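Source file coords-v5.cif; content: mmCIF, C-alpha atoms.
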data_coords
loop_
_atom_site.label_atom_id
_atom_site.label_comp_id
_atom_site.auth_asym_id
_atom_site.auth_seq_id
_atom_site.Cartn_x
_atom_site.Cartn_y
_atom_site.Cartn_z
CA HIS A 1 150.60 138.21 164.12
CA GLU A 2 150.13 140.88 166.78
CA ASP A 3 148.09 138.27 168.65
CA ALA A 4 150.43 135.34 167.92
CA ALA A 5 150.55 134.13 171.54
CA ARG A 6 146.78 133.54 171.51
CA TRP A 7 146.88 131.44 168.34
CA GLU A 8 149.90 129.46 169.52
CA ALA A 9 148.07 128.72 172.78
CA GLN A 10 145.16 127.33 170.76
CA LEU A 11 147.48 125.02 168.82
CA GLU A 12 149.13 123.78 172.02
CA ALA A 13 145.76 123.23 173.71
CA ALA A 14 144.61 121.05 170.82
CA GLU A 15 147.79 118.99 171.04
CA ARG A 16 147.17 118.42 174.75
CA ALA A 17 143.49 117.63 174.19
CA ARG A 18 144.08 114.99 171.53
CA PRO A 19 147.55 113.50 171.96
CA GLY A 20 148.85 110.87 169.59
CA ARG A 21 147.06 112.34 166.59
CA LEU A 22 149.71 114.83 165.44
CA HIS A 23 152.98 113.29 164.28
CA ILE A 24 155.94 115.64 163.77
CA ASP A 25 159.55 114.54 163.46
CA PRO A 26 161.74 117.16 165.18
CA ASP A 27 164.55 116.30 162.75
CA PHE A 28 162.42 116.83 159.64
CA VAL A 29 164.18 118.99 157.05
CA THR A 30 161.93 121.08 154.82
CA PRO A 31 163.10 120.84 151.19
CA ALA A 32 164.05 124.03 149.40
CA TYR A 33 161.34 123.55 146.77
CA ALA A 34 158.64 124.01 149.43
CA ALA A 35 160.12 127.12 151.03
CA LEU A 36 158.57 129.64 148.63
CA ASP A 37 155.88 132.27 149.14
CA ILE A 38 153.35 130.13 147.28
CA HIS A 39 150.21 132.12 146.39
CA LEU A 40 152.09 135.18 147.68
CA GLN A 41 151.57 134.01 151.27
CA PRO A 42 154.50 135.48 153.25
CA GLY A 43 156.63 132.62 154.54
CA GLY A 44 154.72 130.24 152.31
CA TYR A 45 153.23 127.21 154.02
CA VAL A 46 156.37 126.28 155.94
CA GLY A 47 158.07 129.46 157.13
CA ASP A 48 155.34 131.15 159.19
CA PRO A 49 154.21 129.38 162.40
CA LEU A 50 150.71 130.79 161.81
CA ALA A 51 150.55 129.74 158.14
CA GLY A 52 147.51 127.53 158.75
CA TYR A 53 145.48 130.40 160.14
CA VAL A 54 146.57 132.71 157.32
CA PHE A 55 145.84 130.09 154.66
CA HIS A 56 142.39 129.31 156.02
CA HIS A 57 141.42 132.97 156.11
CA GLY A 58 142.83 133.60 152.64
CA THR A 59 140.95 130.72 151.07
CA ARG A 60 137.69 131.75 152.70
CA VAL A 61 138.11 135.15 151.09
CA PHE A 62 139.02 133.51 147.77
CA TYR A 63 135.87 131.35 147.73
CA GLN A 64 133.69 134.32 148.71
CA GLY A 65 131.61 132.40 151.24
CA ASP A 66 131.06 129.31 149.09
CA ASN A 67 133.38 127.13 151.20
CA ASP A 68 132.86 128.41 154.73
CA GLN A 69 131.62 124.97 155.84
CA ASP A 70 134.03 122.98 153.63
CA GLU A 71 131.36 122.56 150.96
CA LEU A 72 134.00 122.44 148.22
CA HIS A 73 136.11 119.84 150.03
CA ARG A 74 133.12 117.60 150.68
CA MET A 75 132.34 117.84 146.96
CA VAL A 76 135.92 116.76 146.20
CA VAL A 77 135.68 113.82 148.59
CA ASP A 78 132.39 112.75 147.01
CA GLN A 79 134.38 112.16 143.79
CA VAL A 80 136.89 109.86 145.49
CA ARG A 81 136.53 106.36 144.12
CA ALA A 82 136.36 103.53 146.64
CA PRO A 83 137.89 100.12 145.82
CA ASP A 84 135.65 97.71 143.95
CA ASP A 85 135.61 95.34 146.92
CA GLY A 86 134.27 98.12 149.15
CA ARG A 87 136.97 97.72 151.81
CA VAL A 88 138.14 101.08 153.14
CA LEU A 89 140.10 100.75 156.36
CA LYS A 90 143.06 103.10 155.76
CA VAL A 91 142.87 106.40 153.89
CA LEU A 92 145.61 108.92 153.10
CA ASP A 93 145.11 112.59 152.18
CA LEU A 94 148.39 113.38 150.41
CA GLY A 95 149.33 117.06 150.60
CA CYS A 96 146.50 117.71 153.06
CA SER A 97 147.13 121.42 153.74
CA ILE A 98 144.88 122.35 156.68
CA GLY A 99 143.02 119.05 156.54
CA GLN A 100 139.66 120.06 155.08
CA CYS A 101 139.58 117.00 152.82
CA THR A 102 141.04 114.88 155.62
CA THR A 103 138.08 115.52 157.91
CA ALA A 104 135.65 115.11 155.01
CA LEU A 105 137.23 111.74 154.19
CA LYS A 106 136.67 110.60 157.77
CA GLN A 107 133.04 111.66 157.53
CA ARG A 108 132.63 109.68 154.31
CA PHE A 109 134.56 106.63 155.58
CA PRO A 110 133.89 106.71 159.35
CA GLN A 111 135.23 103.18 159.90
CA ALA A 112 138.64 104.05 158.38
CA GLU A 113 141.82 105.35 159.94
CA VAL A 114 142.38 108.60 158.03
CA THR A 115 145.74 110.38 157.86
CA GLY A 116 146.57 113.75 156.36
CA LEU A 117 150.19 114.34 155.34
CA ASP A 118 151.74 117.68 154.41
CA VAL A 119 155.22 119.18 154.15
CA GLY A 120 154.24 122.22 156.24
CA ARG A 121 154.49 121.85 160.00
CA PRO A 122 152.33 124.97 160.56
CA MET A 123 149.70 123.49 158.25
CA VAL A 124 149.38 120.14 160.00
CA ARG A 125 149.38 121.80 163.42
CA TYR A 126 146.46 123.97 162.38
CA ALA A 127 144.79 120.99 160.69
CA HIS A 128 145.03 119.08 163.97
CA LYS A 129 143.60 122.03 165.90
CA ARG A 130 140.76 122.35 163.41
CA ALA A 131 139.91 118.63 163.52
CA THR A 132 139.99 118.76 167.33
CA ASP A 133 137.52 121.66 167.28
CA LEU A 134 135.28 119.63 164.95
CA ASP A 135 135.67 116.50 167.13
CA ILE A 136 136.72 114.44 164.13
CA ASP A 137 139.28 111.75 164.95
CA VAL A 138 141.99 111.83 162.28
CA HIS A 139 145.79 111.76 162.20
CA PHE A 140 148.08 114.43 160.78
CA ARG A 141 151.71 113.96 159.86
CA GLN A 142 154.44 116.24 158.57
CA GLY A 143 156.17 114.52 155.69
CA LEU A 144 157.07 114.42 152.03
CA ALA A 145 154.70 113.13 149.35
CA GLU A 146 157.69 111.60 147.57
CA ASP A 147 158.96 109.86 150.72
CA THR A 148 156.13 109.49 153.23
CA ARG A 149 157.86 106.94 155.50
CA LEU A 150 154.48 105.18 155.77
CA PRO A 151 154.04 101.39 155.51
CA ALA A 152 153.78 99.82 152.06
CA GLY A 153 150.64 98.19 150.70
CA GLN A 154 148.39 99.34 153.52
CA TYR A 155 146.15 102.04 152.01
CA ASP A 156 142.78 101.41 150.42
CA VAL A 157 142.23 105.00 149.26
CA ILE A 158 144.63 107.87 148.57
CA LEU A 159 143.56 111.40 147.59
CA ALA A 160 145.78 114.17 146.22
CA TYR A 161 143.85 117.43 146.11
CA ILE A 162 145.68 120.29 144.35
CA LEU A 163 149.06 118.78 145.21
CA PHE A 164 150.81 118.21 141.91
CA HIS A 165 150.74 121.77 140.59
CA GLU A 166 152.55 122.82 143.80
CA VAL A 167 155.63 120.58 143.38
CA PRO A 168 158.46 120.55 140.81
CA SER A 169 157.90 118.31 137.78
CA ARG A 170 160.95 116.21 138.75
CA LEU A 171 158.88 114.95 141.70
CA PHE A 172 155.88 113.73 139.68
CA ALA A 173 157.35 110.28 139.07
CA PRO A 174 158.71 109.80 142.63
CA ILE A 175 155.37 110.82 144.16
CA LEU A 176 153.45 108.45 141.89
CA ALA A 177 155.91 105.66 142.68
CA GLU A 178 155.31 106.31 146.36
CA VAL A 179 151.53 106.18 145.84
CA HIS A 180 151.92 102.83 144.07
CA ARG A 181 154.04 101.55 146.98
CA LEU A 182 151.50 102.68 149.58
CA LEU A 183 148.36 101.31 147.92
CA ARG A 184 147.26 97.74 148.48
CA PRO A 185 146.21 95.74 145.40
CA GLY A 186 142.84 97.09 144.33
CA GLY A 187 143.44 100.37 146.15
CA THR A 188 142.43 103.59 144.45
CA PHE A 189 144.10 106.94 143.81
CA THR A 190 142.10 110.10 143.12
CA VAL A 191 143.76 113.29 141.85
CA VAL A 192 141.84 116.56 141.80
CA ASP A 193 143.96 119.32 140.32
CA ALA A 194 144.29 121.76 137.45
CA PRO A 195 143.33 120.35 134.04
CA ASN A 196 146.35 119.31 131.98
CA ASP A 197 147.05 118.81 128.32
CA THR A 198 150.28 118.59 126.33
CA ARG A 199 148.71 120.71 123.55
CA LEU A 200 147.89 123.93 125.38
CA PRO A 201 146.84 126.91 123.26
CA ALA A 202 149.19 129.89 123.28
CA GLY A 203 146.75 131.96 125.36
CA ASN A 204 146.69 129.36 128.11
CA ARG A 205 150.48 129.15 128.13
CA LEU A 206 150.73 132.94 128.44
CA TRP A 207 148.25 133.01 131.31
CA LEU A 208 150.14 130.24 133.13
CA ARG A 209 153.40 132.12 132.75
CA PHE A 210 151.76 135.25 134.18
CA ASP A 211 150.27 133.27 137.10
CA ALA A 212 153.58 131.56 137.80
CA ARG A 213 155.36 134.89 138.08
CA TYR A 214 152.80 137.16 139.72
CA ASN A 215 150.86 134.70 141.90
CA CYS A 216 153.93 132.67 142.86
CA GLU A 217 152.87 129.46 141.11
CA PRO A 218 156.30 128.41 139.78
CA TYR A 219 155.45 124.73 139.35
CA SER A 220 151.98 124.98 137.87
CA PRO A 221 152.88 125.42 134.16
CA ALA A 222 154.81 122.15 134.01
CA PHE A 223 151.97 120.18 135.58
CA VAL A 224 149.29 121.73 133.38
CA ALA A 225 151.34 120.87 130.27
CA SER A 226 152.07 117.30 131.39
CA ASP A 227 150.70 114.01 130.09
CA PHE A 228 149.48 112.99 133.52
CA PRO A 229 147.62 109.81 132.47
CA ARG A 230 150.88 108.55 130.96
CA LEU A 231 152.74 109.35 134.17
CA LEU A 232 150.16 107.36 136.14
CA ALA A 233 150.47 104.40 133.77
CA ASP A 234 154.26 104.54 133.96
CA ALA A 235 153.95 104.29 137.75
CA GLY A 236 151.83 101.14 137.47
CA LEU A 237 148.48 102.82 138.13
CA ARG A 238 145.62 102.13 135.71
CA VAL A 239 143.52 105.19 134.91
CA THR A 240 139.82 104.44 135.43
CA GLY A 241 138.27 107.87 134.97
CA ARG A 242 139.07 111.39 133.90
CA GLY A 243 136.77 114.38 133.72
CA PRO A 244 135.71 117.77 135.07
CA THR A 245 134.56 118.68 138.55
CA PRO A 246 131.90 121.24 139.56
CA THR A 247 134.77 123.77 139.84
CA PHE A 248 137.55 124.68 137.39
CA LEU A 249 139.56 121.61 138.46
CA ALA A 250 139.70 118.15 136.91
CA CYS A 251 139.42 114.72 138.51
CA THR A 252 141.46 111.67 137.55
CA THR A 253 140.99 108.29 139.19
CA ALA A 254 143.33 105.30 139.03
CA VAL A 255 143.69 101.88 140.60
CA LYS A 256 146.55 99.60 141.56
CA ASP A 257 145.51 96.35 139.92
CA ALA A 258 145.62 93.15 141.94
CA GLY A 259 147.03 91.06 139.10
CA GLY A 260 149.36 93.50 137.40
CA ASP A 261 151.22 96.76 137.73
CA GLY A 262 148.91 98.81 135.50
CA ARG A 263 151.58 99.77 132.99
CA ALA A 264 150.40 100.25 129.45
#

Taking this structure as input, can you express it in the form of structure tokens?
Amino acid sequence: HEDAARWEAQLEAAERARPGRLHIDPDFVTPAYAALDIHLQPGGYVGDPLAGYVFHHGTRVFYQGDNDQDELHRMVVDQVRAPDDGRVLKVLDLGCSIGQCTTALKQRFPQAEVTGLDVGRPMVRYAHKRATDLDIDVHFRQGLAEDTRLPAGQYDVILAYILFHEVPSRLFAPILAEVHRLLRPGGTFTVVDAPNDTRLPAGNRLWLRFDARYNCEPYSPAFVASDFPRLLADAGLRVTGRGPTPTFLACTTAVKDAGGDGRA
């Protein structure tokens, strides 16, 4: 922060170098649920103009060198299911953070228009700067997962990487309804997040309570204890796969059926 002018100049230079790829509504109002010091990051992801820089550095420390070249995010994107018909022209990274999955999605689906959406303006600004440095042509947009303001029925693939444990449980259904609205028939939805089960052992519940309080993860316990496959089905999305990933996270895939709404 002592060198804030330098980092701000970098962000502005990227916006000049690649105009029309960063979409920020000056009237956007950040919801109160997002304005917390998530993961103990001062200002959270929305209150500090340099939050993207801070987040990127913090996660590199957290992964201890194992994700310096986005190895983890490319692994996540490898698990994204493409539609059965193979058509992938529009892709959405929902809750994109600093866009590491967004750029990996563009590398996997080079013919597609790829957009990363996140509630944090500092995050999407840094994501845009990072993609510009990498010379990867993607879009970034500040917005809400529960109300993206994006066109209906246009997306072939949507990814939500570690999004749901960072939002209040009251938003699970609205976000999934929005995903259903955005997907075209046959489009796929991939969720990579904390494993969840309605029958958590007492030890797991205690650990989640500790993490919620001392690592500022207030929304995580509700997601981990949710019946997420049922929530997907209630939203009209048919679950097609559910299992572990190479990390501690779990992967769930779903599809918006062409001939039905997916509800069980």

| message | If we count all atoms listed in the file and set the cut-off at 9 Å, which residues sit around segment 235-251 of chain A, ignoring sequence neighbours fewer than 4 positions away in its own chain? Please answer as number ranges by chain. | response | A: 72, 75-76, 79-80, 162, 173-174, 176-180, 188-196, 229-231, 255-257, 260-264

| What is the distance, in Å and to one decimal place, between atom CA of Leu159 of chain A and atom CA of Arg181 of chain A? | 14.4 Å

| task | Fewer than 2 positions away in the same chain doesn't count, so skip those; otherwise give me all residues within 10 Å of segment 24-41 of chain A, counting all atoms listed in the file, as a PyMOL selection string. | result | chain A and resi 21-22+43-48+51+54-55+58+119-121+124-125+140-144+166-168+211-212+214-219

| field | Non-local contacts of Leu89 of chain A (12 Å; all atoms listed in the file; under 3 positions in same chain excluded) as number ranges by chain | value | A: 82-83, 85-86, 92, 105-106, 108-115, 154-158, 183-184, 187

| remark: Between atom CA of Asp147 of chain A and atom CA of Asp118 of chain A lies a distance of 11.3 Å

| request: Expand the PyMOL selection byres ((chain A and resi 128) around 12) into the individual residues it matches in the shown file, reporting them as a count of residues only. | output: 49

| note | Shortest contact to Phe172 of chain A, candidates A:Asp234, A:Asp78, A:Asp3, A:Asp68, atoms counted only C-alpha atoms, goes to A:Asp234

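Closest approach to Gln107 of chain A among A:Arg60, A:His165, A:Arg170, A:His73: A:His73, based on all atoms listed in the file.
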
Provide an axis-aligned box for all listed atoms of segment 56-61 of chain A, padding each side by 6 Å; report its centre and its edge lengths in Å to one decimal, as JSON.
{"center_x": 140.3, "center_y": 132.2, "center_z": 153.6, "size_x": 17.1, "size_y": 17.8, "size_z": 17.0}

| said: My list of candidates is A:Pro185, A:Asn204, A:Arg213, A:Arg81. Which is closest to Thr252 of chain A when distances are computed with all atoms listed in the file? | reply: A:Arg81

| task | In Å, rounded to a single decimal, give me how far atom CA of Leu94 of chain A is from atom CA of Leu163 of chain A. | result | 7.5 Å

| note | Using all atoms listed in the file, the residue out of A:Gln64, A:Glu8, A:Gln69, A:Asp84 with shortest distance to Leu50 of chain A is A:Glu8

| said: From the options A:Lys90, A:Arg74, A:His56, A:Arg6, which residue's atoms come nearest to Leu150 of chain A, counting all atoms listed in the file? | reply: A:Lys90

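Residue nearest Leu171 of chain A within the list A:Leu206, A:Val88, A:Ala5, A:Ala222: A:Ala222 [criterion: smallest interatomic distance, all atoms listed in the file].
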